[in-house]
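Source file: target-v8.tsv. Holds: TSV, C-alpha atoms.
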```tsv
chain	number	residue	atom	x	y	z
T	281	MET	CA	-0.53	-12.71	10.56
T	282	ARG	CA	-4.08	-13.34	9.40
T	283	THR	CA	-7.02	-11.04	8.83
T	284	SER	CA	-10.39	-11.45	10.52
T	285	ASP	CA	-11.73	-13.41	7.51
T	286	GLY	CA	-8.86	-15.91	7.66
T	287	VAL	CA	-6.84	-14.44	4.78
T	288	SER	CA	-3.12	-13.94	5.34
T	289	SER	CA	-2.29	-10.24	5.71
T	290	LEU	CA	0.48	-10.63	3.13
T	291	THR	CA	-1.94	-11.96	0.52
T	292	ALA	CA	-4.60	-9.28	1.04
T	293	GLY	CA	-5.20	-6.96	-1.91
T	294	VAL	CA	-3.54	-3.60	-2.62
T	295	LEU	CA	-4.87	-1.36	-5.40
T	296	VAL	CA	-2.15	0.03	-7.70
T	297	LEU	CA	-2.61	3.44	-9.35
T	298	ASN	CA	-0.49	4.86	-12.14
T	299	ARG	CA	1.10	8.31	-11.88
T	300	SER	CA	-2.18	9.87	-13.01
T	301	TYR	CA	-4.06	8.20	-10.12
T	302	VAL	CA	-5.85	5.76	-12.44
T	303	ALA	CA	-6.31	2.21	-11.11
T	304	VAL	CA	-4.34	-0.32	-13.18
T	305	ARG	CA	-4.03	-3.53	-11.16
T	306	VAL	CA	-4.36	-5.27	-7.82
T	307	VAL	CA	-1.36	-6.95	-6.18
T	308	ASN	CA	-0.90	-8.62	-2.82
T	309	VAL	CA	0.63	-6.88	0.20
T	310	ARG	CA	3.92	-8.75	-0.19
T	311	ARG	CA	4.37	-7.43	-3.73
T	312	ALA	CA	3.29	-3.93	-2.69
T	313	PHE	CA	5.99	-3.78	0.00
T	314	VAL	CA	8.64	-4.77	-2.56
T	315	MET	CA	7.54	-1.91	-4.80
T	316	LEU	CA	7.55	0.54	-1.87
T	317	TYR	CA	10.97	-0.59	-0.64
T	318	ARG	CA	12.44	-0.11	-4.13
T	319	ASP	CA	10.99	3.43	-4.28
T	320	SER	CA	8.95	2.55	-7.37
T	321	ALA	CA	5.69	3.37	-5.55
T	322	GLU	CA	4.29	5.39	-2.68
T	323	VAL	CA	1.42	4.76	-0.25
T	324	ILE	CA	-1.87	6.60	-0.78
T	325	HIS	CA	-3.62	6.72	2.60
T	326	VAL	CA	-7.04	8.07	3.54
T	327	GLU	CA	-6.96	10.52	6.44
T	328	ASN	CA	-10.16	12.34	7.48
T	329	GLY	CA	-11.63	11.97	4.01
T	330	ALA	CA	-8.49	13.27	2.27
T	331	TYR	CA	-5.70	11.35	0.55
T	332	ALA	CA	-2.09	11.67	1.73
T	333	ASN	CA	1.08	10.38	0.04
T	334	TYR	CA	3.88	8.61	1.94
T	335	ASP	CA	7.15	7.04	0.94
T	336	PHE	CA	8.20	3.73	2.47
T	337	GLN	CA	10.33	5.22	5.27
T	338	THR	CA	7.63	7.67	6.36
T	339	TRP	CA	4.99	4.92	6.23
T	340	CYS	CA	7.13	2.77	8.54
T	341	GLU	CA	7.54	5.66	10.96
T	342	LEU	CA	3.82	6.42	10.98
T	343	SER	CA	3.04	2.78	11.61
T	344	GLN	CA	5.18	2.89	14.74
T	345	VAL	CA	3.27	5.92	16.00
T	346	TRP	CA	-0.08	4.22	15.32
T	347	THR	CA	0.89	1.04	17.15
T	348	GLN	CA	1.62	3.08	20.27
T	349	ASP	CA	-1.72	4.92	20.28
T	350	PRO	CA	-4.61	2.86	21.75
T	351	LEU	CA	-7.19	5.29	20.33
T	352	LEU	CA	-5.93	4.76	16.80
T	353	LEU	CA	-5.78	1.00	17.21
T	354	ALA	CA	-9.30	0.85	18.66
T	355	GLY	CA	-10.83	1.61	15.28
T	356	SER	CA	-8.56	-0.69	13.26
T	357	ASN	CA	-10.85	-3.72	12.77
T	358	HIS	CA	-10.36	-3.52	9.02
T	359	VAL	CA	-6.63	-2.72	9.16
T	360	ASP	CA	-4.00	-5.41	8.61
T	361	TRP	CA	-0.66	-5.34	10.40
T	362	ILE	CA	2.53	-7.05	9.27
T	363	ARG	CA	4.88	-8.06	12.07
T	364	ALA	CA	8.60	-7.65	11.37
T	365	VAL	CA	11.42	-8.68	13.73
T	366	ARG	CA	11.45	-5.43	15.73
T	367	PHE	CA	8.27	-3.60	14.74
T	368	CYS	CA	4.84	-3.78	13.07
T	369	ILE	CA	3.87	-1.99	9.87
T	370	GLN	CA	0.39	-1.34	8.57
T	371	ALA	CA	-0.48	-2.99	5.25
T	372	PRO	CA	-1.35	-0.31	2.69
T	373	ARG	CA	-4.63	-0.48	0.78
T	374	ILE	CA	-3.58	1.75	-2.15
T	375	ILE	CA	-0.18	2.50	-3.70
T	376	ARG	CA	0.77	4.79	-6.61
T	377	LEU	CA	3.46	4.09	-9.19
T	378	LEU	CA	6.17	6.74	-9.38
T	379	ARG	CA	8.04	5.76	-12.54
T	380	PHE	CA	5.59	4.28	-15.01
T	381	ASP	CA	2.34	5.42	-16.62
T	382	GLN	CA	0.90	1.94	-17.01
T	383	THR	CA	-2.56	2.01	-18.59
T	384	PRO	CA	-5.55	-0.04	-17.37
T	385	ARG	CA	-6.31	-3.40	-18.93
T	386	LEU	CA	-9.65	-2.99	-20.69
T	387	THR	CA	-10.70	-6.65	-20.94
T	388	VAL	CA	-11.66	-9.06	-18.16
T	389	ARG	CA	-9.60	-12.22	-18.41
T	390	LEU	CA	-11.59	-15.45	-18.21
T	391	ASN	CA	-10.16	-17.85	-15.63
T	392	ARG	CA	-11.42	-19.83	-12.65
T	393	LYS	CA	-11.09	-16.89	-10.26
T	394	THR	CA	-13.04	-14.44	-12.41
T	395	LEU	CA	-15.64	-17.02	-13.47
T	396	PHE	CA	-16.40	-18.11	-9.91
T	397	ALA	CA	-16.57	-14.45	-8.85
T	398	ARG	CA	-18.99	-13.61	-11.68
T	399	ASP	CA	-21.30	-16.42	-10.56
T	400	GLY	CA	-20.95	-15.61	-6.85
T	401	HIS	CA	-19.38	-19.02	-6.14
T	402	ARG	CA	-22.75	-20.65	-6.85
T	403	CYS	CA	-23.41	-23.63	-9.08
T	404	GLN	CA	-25.39	-22.34	-12.04
T	405	TYR	CA	-27.44	-25.55	-12.19
T	406	CYS	CA	-28.50	-26.29	-8.61
T	407	GLY	CA	-28.03	-22.72	-7.33
T	408	LYS	CA	-26.11	-23.78	-4.21
T	409	SER	CA	-23.01	-22.02	-2.88
T	410	TYR	CA	-19.84	-24.12	-2.49
T	411	PRO	CA	-16.21	-23.64	-1.36
T	412	LEU	CA	-13.71	-23.29	-4.19
T	413	HIS	CA	-12.44	-26.87	-4.03
T	414	GLN	CA	-15.97	-28.14	-4.74
T	415	LEU	CA	-16.51	-25.99	-7.83
T	416	SER	CA	-15.69	-26.69	-11.45
T	417	PHE	CA	-15.73	-25.07	-14.90
T	418	ASP	CA	-18.56	-26.27	-17.17
T	419	HIS	CA	-19.10	-25.67	-20.89
T	420	VAL	CA	-22.84	-25.22	-21.43
T	421	THR	CA	-22.45	-26.47	-25.00
T	422	PRO	CA	-19.77	-29.18	-24.65
T	423	ARG	CA	-16.49	-28.63	-26.47
T	424	SER	CA	-17.10	-31.94	-28.26
T	425	ARG	CA	-20.13	-30.22	-29.85
T	426	GLY	CA	-18.15	-27.15	-30.88
T	427	GLY	CA	-18.73	-25.17	-27.68
T	428	GLU	CA	-16.20	-22.39	-27.12
T	429	THR	CA	-14.38	-21.42	-23.94
T	430	CYS	CA	-15.89	-17.95	-23.64
T	431	TRP	CA	-17.90	-15.98	-21.09
T	432	GLU	CA	-21.17	-16.81	-22.87
T	433	ASN	CA	-20.58	-20.59	-22.79
T	434	VAL	CA	-18.92	-21.36	-19.43
T	435	VAL	CA	-20.50	-21.41	-16.00
T	436	THR	CA	-19.60	-22.30	-12.44
T	437	CYS	CA	-20.71	-25.82	-11.62
T	438	CYS	CA	-20.51	-27.97	-8.48
T	439	LEU	CA	-18.88	-31.39	-8.80
T	440	PRO	CA	-22.14	-33.41	-8.47
T	441	CYS	CA	-23.88	-31.34	-11.18
T	442	ASN	CA	-20.80	-31.51	-13.37
T	443	SER	CA	-20.81	-35.30	-13.11
T	444	ARG	CA	-24.54	-35.46	-13.78
T	445	LYS	CA	-24.38	-33.25	-16.88
T	446	GLY	CA	-21.35	-34.97	-18.35
T	447	ASP	CA	-20.74	-34.40	-22.06
T	448	ARG	CA	-24.32	-33.26	-22.74
T	449	THR	CA	-26.22	-30.03	-23.16
T	450	PRO	CA	-28.40	-28.89	-20.23
T	451	LEU	CA	-31.50	-29.85	-22.24
T	452	GLU	CA	-30.22	-33.35	-22.86
T	453	ALA	CA	-29.35	-33.73	-19.16
T	454	GLY	CA	-32.70	-32.36	-17.99
T	455	MET	CA	-30.96	-29.48	-16.20
T	456	HIS	CA	-31.64	-25.75	-16.22
T	457	LEU	CA	-29.32	-22.77	-15.82
T	458	THR	CA	-30.20	-20.34	-13.02
T	459	GLN	CA	-29.15	-17.46	-15.33
T	460	ARG	CA	-27.82	-16.97	-18.83
T	461	PRO	CA	-24.00	-16.68	-18.84
T	462	ALA	CA	-22.68	-13.35	-20.13
T	463	LYS	CA	-19.44	-11.40	-20.25
T	464	PRO	CA	-19.18	-9.13	-17.18
T	465	LYS	CA	-18.88	-5.40	-17.76
T	466	HIS	CA	-16.55	-4.99	-14.77
T	467	ASN	CA	-14.01	-7.23	-13.12
T	468	PRO	CA	-16.12	-9.57	-10.93
T	469	VAL	CA	-13.27	-10.19	-8.48
T	470	LEU	CA	-13.10	-6.47	-7.72
T	471	LYS	CA	-16.87	-6.31	-7.36
T	472	LEU	CA	-16.71	-8.99	-4.67
T	473	SER	CA	-13.75	-7.28	-3.00
T	474	LEU	CA	-15.68	-4.02	-2.61
T	475	GLY	CA	-18.14	-5.89	-0.40
T	476	ASN	CA	-15.30	-6.28	2.11
T	477	PRO	CA	-15.02	-3.20	4.41
T	478	ARG	CA	-11.21	-3.22	4.17
T	479	TYR	CA	-11.42	-2.37	0.46
T	480	HIS	CA	-14.03	0.40	0.55
T	481	VAL	CA	-11.28	2.99	0.01
T	482	TRP	CA	-10.81	1.59	-3.52
T	483	GLN	CA	-14.23	2.71	-4.70
T	484	PRO	CA	-13.37	6.28	-5.87
T	485	PHE	CA	-10.64	4.90	-8.15
T	486	LEU	CA	-12.64	2.10	-9.78
T	487	SER	CA	-15.60	3.87	-11.37
T	488	GLN	CA	-13.80	4.43	-14.70
T	489	ALA	CA	-11.14	1.74	-14.66
T	490	GLU	CA	-10.93	-1.96	-15.41
T	491	VAL	CA	-7.91	-3.40	-13.65
T	492	ALA	CA	-5.95	-6.61	-13.71
T	493	ILE	CA	-5.85	-8.98	-10.76
T	494	ASP	CA	-2.36	-10.25	-9.96
T	495	MET	CA	-2.53	-11.39	-6.34
T	496	LEU	CA	-1.06	-14.90	-6.49
```

Take the structure in this file and express it as structure tokens.
Amino acid sequence: MRTSDGVSSLTAGVLVLNRSYVAVRVVNVRRAFVMLYRDSAEVIHVENGAYANYDFQTWCELSQVWTQDPLLLAGSNHVDWIRAVRFCIQAPRIIRLLRFDQTPRLTVRLNRKTLFARDGHRCQYCGKSYPLHQLSFDHVTPRSRGGETCWENVVTCCLPCNSRKGDRTPLEAGMHLTQRPAKPKHNPVLKLSLGNPRYHVWQPFLSQAEVAIDML
């Protein structure tokens, strides 16, 4: 099944909390169900502004009740459903670890996903927004000139601008950055996710935590 924004329900994000209810990572729905089935986690679900805890069996049973109630389904635009052979189960948005007190990762890993998210999927030279397959990684100061692969020296760049700049500095290429690259204070992927209504329930758990993204 697919969500309204074209993302597979099984690859949507699920926030993972440790036993102390501190956010530690984000996994996809497929991985979350494995953890629930193995009794290593429980579902944390928002009900009338309060949080309720459910094990996997109870969550399955509740999902069956919800699928039979038209009033509950009417307000489920931002709810994802996973279809099994004989029934449907609602994809959780938050789960809590039951056996481990994993601590949050305090640094934001630099990779294509986090870089593109930091820059809003916009080329930092022409300022235009592009789909992922038309974006590239650019070193402001080329590596051949001693430029490092760090947050302060890499930017999102479209393929035409990347080709134009080549192995030169922006000044040499007659190009200008739309903003100075800097290390983000918070995980940029999560920041983008919070703009999606289906992930609004994460907000109370993210104010004091920096979490890892592990959704692939």

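In this structure, CA of Leu486 (chain T) sits 20.4 Å away from CA of Val359 (chain T).
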
Please provide as a PyMOL selection string all residues within 9 Å of Glu432 (chain T), with the sequence filter that same-chain residues fewer than 3 positions apart are discarded (counting all atoms listed in the file). chain T and resi 420+428-429+435+460-463

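Minimum atom-to-atom distances from T:Asn442, T:Val434, T:Ala303, T:Asn298 to Pro484 (chain T) were compared using all atoms listed in the file, and the lowest value belongs to T:Ala303.
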
Region 417-489 of chain T near region 401-410 of chain T within 8 Å: what's each residue's closest atom pair and its distance in Å to one decimal, counting all atoms listed in the file, ordered by chain then ascending residue number, as JSON lines?
```
{"residue": "T:Val435", "atom": "CA", "partner": "T:Gln404", "partner_atom": "CA", "distance": 6.4}
{"residue": "T:Thr436", "atom": "CA", "partner": "T:Cys403", "partner_atom": "CA", "distance": 5.3}
{"residue": "T:Cys437", "atom": "CA", "partner": "T:Cys403", "partner_atom": "CA", "distance": 4.3}
{"residue": "T:Cys438", "atom": "CA", "partner": "T:Cys403", "partner_atom": "CA", "distance": 5.3}
{"residue": "T:Cys441", "atom": "CA", "partner": "T:Tyr405", "partner_atom": "CA", "distance": 6.9}
{"residue": "T:Met455", "atom": "CA", "partner": "T:Tyr405", "partner_atom": "CA", "distance": 6.6}
{"residue": "T:His456", "atom": "CA", "partner": "T:Tyr405", "partner_atom": "CA", "distance": 5.8}
{"residue": "T:Leu457", "atom": "CA", "partner": "T:Tyr405", "partner_atom": "CA", "distance": 4.9}
{"residue": "T:Thr458", "atom": "CA", "partner": "T:Gln404", "partner_atom": "CA", "distance": 5.3}
{"residue": "T:Gln459", "atom": "CA", "partner": "T:Gln404", "partner_atom": "CA", "distance": 7.0}
```

Print the selection's residues with C-alpha atoms to a file, as a PDB file, keeping the file's coordinate frame.
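The resulting file, again01.pdb, is shown below:
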```
ATOM      1  CA  VAL T 435     -20.500 -21.410 -16.000  1.00  0.00           C
ATOM      2  CA  THR T 436     -19.600 -22.300 -12.440  1.00  0.00           C
ATOM      3  CA  CYS T 437     -20.710 -25.820 -11.620  1.00  0.00           C
ATOM      4  CA  CYS T 438     -20.510 -27.970  -8.480  1.00  0.00           C
ATOM      5  CA  CYS T 441     -23.880 -31.340 -11.180  1.00  0.00           C
ATOM      6  CA  MET T 455     -30.960 -29.480 -16.200  1.00  0.00           C
ATOM      7  CA  HIS T 456     -31.640 -25.750 -16.220  1.00  0.00           C
ATOM      8  CA  LEU T 457     -29.320 -22.770 -15.820  1.00  0.00           C
ATOM      9  CA  THR T 458     -30.200 -20.340 -13.020  1.00  0.00           C
ATOM     10  CA  GLN T 459     -29.150 -17.460 -15.330  1.00  0.00           C
TER      11      GLN T 459
END
```

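Remark: for Ser473 (chain T), the closest of the candidate residues T:Arg363, T:Arg318, T:Arg373, T:His419 is T:Arg373 (distances computed over all atoms listed in the file).
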
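Taking CA of Asn467 (chain T) and CA of Val314 (chain T) as the two end points, the separation is 25.1 Å.
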
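Distance-wise, CA of Val345 (chain T) and CA of Arg310 (chain T) end up 21.9 Å apart.
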
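Among T:Phe367, T:Trp339, T:Trp482, T:Phe396, the residue with the shortest atom-to-atom distance to Arg305 (chain T), counting only C-alpha atoms, is T:Trp482.
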
As an MDAnalysis selection string, please: the residues near Ile375 (chain T) (cut-off 9 Å, all atoms listed in the file, same-chain neighbours under 2 positions excluded). chainID T and resid 294:298 312 315:316 321:325 333 372:373 377

Within 6 Å of Ala292 (chain T) using only C-alpha atoms, minus same-chain residues under 2 positions, as a PDB file with C-alpha atoms, in the coordinates of the input:
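Written output follows (result.pdb):
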```
ATOM      1  CA  SER T 289      -2.290 -10.240   5.710  1.00  0.00           C
ATOM      2  CA  LEU T 290       0.480 -10.630   3.130  1.00  0.00           C
ATOM      3  CA  ASN T 308      -0.900  -8.620  -2.820  1.00  0.00           C
ATOM      4  CA  VAL T 309       0.630  -6.880   0.200  1.00  0.00           C
TER       5      VAL T 309
END
```

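Among the candidate residues T:Lys393, T:Tyr479, T:Asp418, T:Trp431, the one lying nearest to Thr449 (chain T) is T:Asp418, with distances computed using all atoms listed in the file.
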
Complete region 460-471 of chain T with all heavy atoms (output as a PDB file, keeping the file's coordinate frame).
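This is the output file rebuild37.pdb:
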```
ATOM      1  N   ARG T 460     -28.568 -16.863 -17.576  1.00  0.00           N
ATOM      2  CA  ARG T 460     -27.820 -16.970 -18.830  1.00  0.00           C
ATOM      3  C   ARG T 460     -26.405 -16.420 -18.632  1.00  0.00           C
ATOM      4  O   ARG T 460     -26.239 -15.293 -18.153  1.00  0.00           O
ATOM      5  CB  ARG T 460     -28.538 -16.193 -19.933  1.00  0.00           C
ATOM      6  CG  ARG T 460     -27.861 -16.306 -21.302  1.00  0.00           C
ATOM      7  CD  ARG T 460     -28.558 -15.402 -22.305  1.00  0.00           C
ATOM      8  NE  ARG T 460     -29.939 -15.800 -22.496  1.00  0.00           N
ATOM      9  CZ  ARG T 460     -30.340 -16.723 -23.360  1.00  0.00           C
ATOM     10  NH1 ARG T 460     -29.440 -17.348 -24.107  1.00  0.00           N
ATOM     11  NH2 ARG T 460     -31.623 -17.022 -23.478  1.00  0.00           N
ATOM     12  N   PRO T 461     -25.379 -17.186 -19.005  1.00  0.00           N
ATOM     13  CA  PRO T 461     -24.000 -16.680 -18.840  1.00  0.00           C
ATOM     14  C   PRO T 461     -23.722 -15.528 -19.792  1.00  0.00           C
ATOM     15  O   PRO T 461     -24.168 -15.533 -20.943  1.00  0.00           O
ATOM     16  CB  PRO T 461     -23.143 -17.907 -19.171  1.00  0.00           C
ATOM     17  CG  PRO T 461     -24.009 -18.753 -20.053  1.00  0.00           C
ATOM     18  CD  PRO T 461     -25.412 -18.555 -19.554  1.00  0.00           C
ATOM     19  N   ALA T 462     -23.002 -14.528 -19.320  1.00  0.00           N
ATOM     20  CA  ALA T 462     -22.680 -13.350 -20.130  1.00  0.00           C
ATOM     21  C   ALA T 462     -21.336 -12.788 -19.695  1.00  0.00           C
ATOM     22  O   ALA T 462     -20.884 -13.012 -18.556  1.00  0.00           O
ATOM     23  CB  ALA T 462     -23.769 -12.293 -19.990  1.00  0.00           C
ATOM     24  N   LYS T 463     -20.707 -12.049 -20.577  1.00  0.00           N
ATOM     25  CA  LYS T 463     -19.440 -11.400 -20.250  1.00  0.00           C
ATOM     26  C   LYS T 463     -19.684 -10.259 -19.283  1.00  0.00           C
ATOM     27  O   LYS T 463     -20.539  -9.402 -19.527  1.00  0.00           O
ATOM     28  CB  LYS T 463     -18.782 -10.863 -21.522  1.00  0.00           C
ATOM     29  CG  LYS T 463     -17.423 -10.220 -21.279  1.00  0.00           C
ATOM     30  CD  LYS T 463     -16.795  -9.760 -22.587  1.00  0.00           C
ATOM     31  CE  LYS T 463     -15.434  -9.106 -22.336  1.00  0.00           C
ATOM     32  NZ  LYS T 463     -14.779  -8.684 -23.603  1.00  0.00           N
ATOM     33  N   PRO T 464     -18.977 -10.221 -18.156  1.00  0.00           N
ATOM     34  CA  PRO T 464     -19.180  -9.130 -17.180  1.00  0.00           C
ATOM     35  C   PRO T 464     -18.647  -7.808 -17.710  1.00  0.00           C
ATOM     36  O   PRO T 464     -17.645  -7.769 -18.428  1.00  0.00           O
ATOM     37  CB  PRO T 464     -18.399  -9.607 -15.954  1.00  0.00           C
ATOM     38  CG  PRO T 464     -17.339 -10.508 -16.507  1.00  0.00           C
ATOM     39  CD  PRO T 464     -17.962 -11.190 -17.703  1.00  0.00           C
ATOM     40  N   LYS T 465     -19.317  -6.728 -17.345  1.00  0.00           N
ATOM     41  CA  LYS T 465     -18.880  -5.400 -17.760  1.00  0.00           C
ATOM     42  C   LYS T 465     -17.710  -4.906 -16.915  1.00  0.00           C
ATOM     43  O   LYS T 465     -16.920  -4.078 -17.349  1.00  0.00           O
ATOM     44  CB  LYS T 465     -20.040  -4.411 -17.677  1.00  0.00           C
ATOM     45  CG  LYS T 465     -21.174  -4.705 -18.643  1.00  0.00           C
ATOM     46  CD  LYS T 465     -22.277  -3.669 -18.523  1.00  0.00           C
ATOM     47  CE  LYS T 465     -23.410  -3.948 -19.497  1.00  0.00           C
ATOM     48  NZ  LYS T 465     -24.511  -2.948 -19.380  1.00  0.00           N
ATOM     49  N   HIS T 466     -17.627  -5.387 -15.673  1.00  0.00           N
ATOM     50  CA  HIS T 466     -16.550  -4.990 -14.770  1.00  0.00           C
ATOM     51  C   HIS T 466     -15.928  -6.225 -14.164  1.00  0.00           C
ATOM     52  O   HIS T 466     -16.531  -7.300 -14.147  1.00  0.00           O
ATOM     53  CB  HIS T 466     -17.091  -4.069 -13.665  1.00  0.00           C
ATOM     54  CG  HIS T 466     -17.785  -2.853 -14.174  1.00  0.00           C
ATOM     55  ND1 HIS T 466     -17.108  -1.797 -14.743  1.00  0.00           N
ATOM     56  CD2 HIS T 466     -19.097  -2.520 -14.224  1.00  0.00           C
ATOM     57  CE1 HIS T 466     -17.962  -0.865 -15.115  1.00  0.00           C
ATOM     58  NE2 HIS T 466     -19.176  -1.275 -14.816  1.00  0.00           N
ATOM     59  N   ASN T 467     -14.713  -6.093 -13.688  1.00  0.00           N
ATOM     60  CA  ASN T 467     -14.010  -7.230 -13.120  1.00  0.00           C
ATOM     61  C   ASN T 467     -14.781  -7.791 -11.924  1.00  0.00           C
ATOM     62  O   ASN T 467     -14.941  -7.109 -10.917  1.00  0.00           O
ATOM     63  CB  ASN T 467     -12.602  -6.802 -12.684  1.00  0.00           C
ATOM     64  CG  ASN T 467     -11.712  -7.999 -12.435  1.00  0.00           C
ATOM     65  OD1 ASN T 467     -12.068  -8.896 -11.693  1.00  0.00           O
ATOM     66  ND2 ASN T 467     -10.556  -8.007 -13.068  1.00  0.00           N
ATOM     67  N   PRO T 468     -15.285  -9.015 -12.011  1.00  0.00           N
ATOM     68  CA  PRO T 468     -16.120  -9.570 -10.930  1.00  0.00           C
ATOM     69  C   PRO T 468     -15.365  -9.791  -9.628  1.00  0.00           C
ATOM     70  O   PRO T 468     -15.962  -9.768  -8.556  1.00  0.00           O
ATOM     71  CB  PRO T 468     -16.625 -10.894 -11.525  1.00  0.00           C
ATOM     72  CG  PRO T 468     -15.629 -11.252 -12.579  1.00  0.00           C
ATOM     73  CD  PRO T 468     -15.152  -9.950 -13.141  1.00  0.00           C
ATOM     74  N   VAL T 469     -14.054 -10.017  -9.705  1.00  0.00           N
ATOM     75  CA  VAL T 469     -13.270 -10.190  -8.480  1.00  0.00           C
ATOM     76  C   VAL T 469     -13.246  -8.895  -7.685  1.00  0.00           C
ATOM     77  O   VAL T 469     -13.390  -8.880  -6.465  1.00  0.00           O
ATOM     78  CB  VAL T 469     -11.837 -10.653  -8.804  1.00  0.00           C
ATOM     79  CG1 VAL T 469     -11.006 -10.758  -7.524  1.00  0.00           C
ATOM     80  CG2 VAL T 469     -11.861 -11.998  -9.515  1.00  0.00           C
ATOM     81  N   LEU T 470     -13.084  -7.764  -8.392  1.00  0.00           N
ATOM     82  CA  LEU T 470     -13.100  -6.470  -7.720  1.00  0.00           C
ATOM     83  C   LEU T 470     -14.464  -6.173  -7.133  1.00  0.00           C
ATOM     84  O   LEU T 470     -14.597  -5.607  -6.051  1.00  0.00           O
ATOM     85  CB  LEU T 470     -12.698  -5.360  -8.684  1.00  0.00           C
ATOM     86  CG  LEU T 470     -11.212  -5.252  -9.006  1.00  0.00           C
ATOM     87  CD1 LEU T 470     -10.984  -4.181 -10.048  1.00  0.00           C
ATOM     88  CD2 LEU T 470     -10.420  -4.943  -7.753  1.00  0.00           C
ATOM     89  N   LYS T 471     -15.516  -6.545  -7.847  1.00  0.00           N
ATOM     90  CA  LYS T 471     -16.870  -6.310  -7.360  1.00  0.00           C
ATOM     91  C   LYS T 471     -17.091  -7.019  -6.032  1.00  0.00           C
ATOM     92  O   LYS T 471     -17.672  -6.470  -5.098  1.00  0.00           O
ATOM     93  CB  LYS T 471     -17.885  -6.788  -8.393  1.00  0.00           C
ATOM     94  CG  LYS T 471     -19.326  -6.471  -8.033  1.00  0.00           C
ATOM     95  CD  LYS T 471     -20.262  -6.871  -9.156  1.00  0.00           C
ATOM     96  CE  LYS T 471     -21.702  -6.554  -8.796  1.00  0.00           C
ATOM     97  NZ  LYS T 471     -22.641  -6.943  -9.891  1.00  0.00           N
TER      98      LYS T 471
END
```
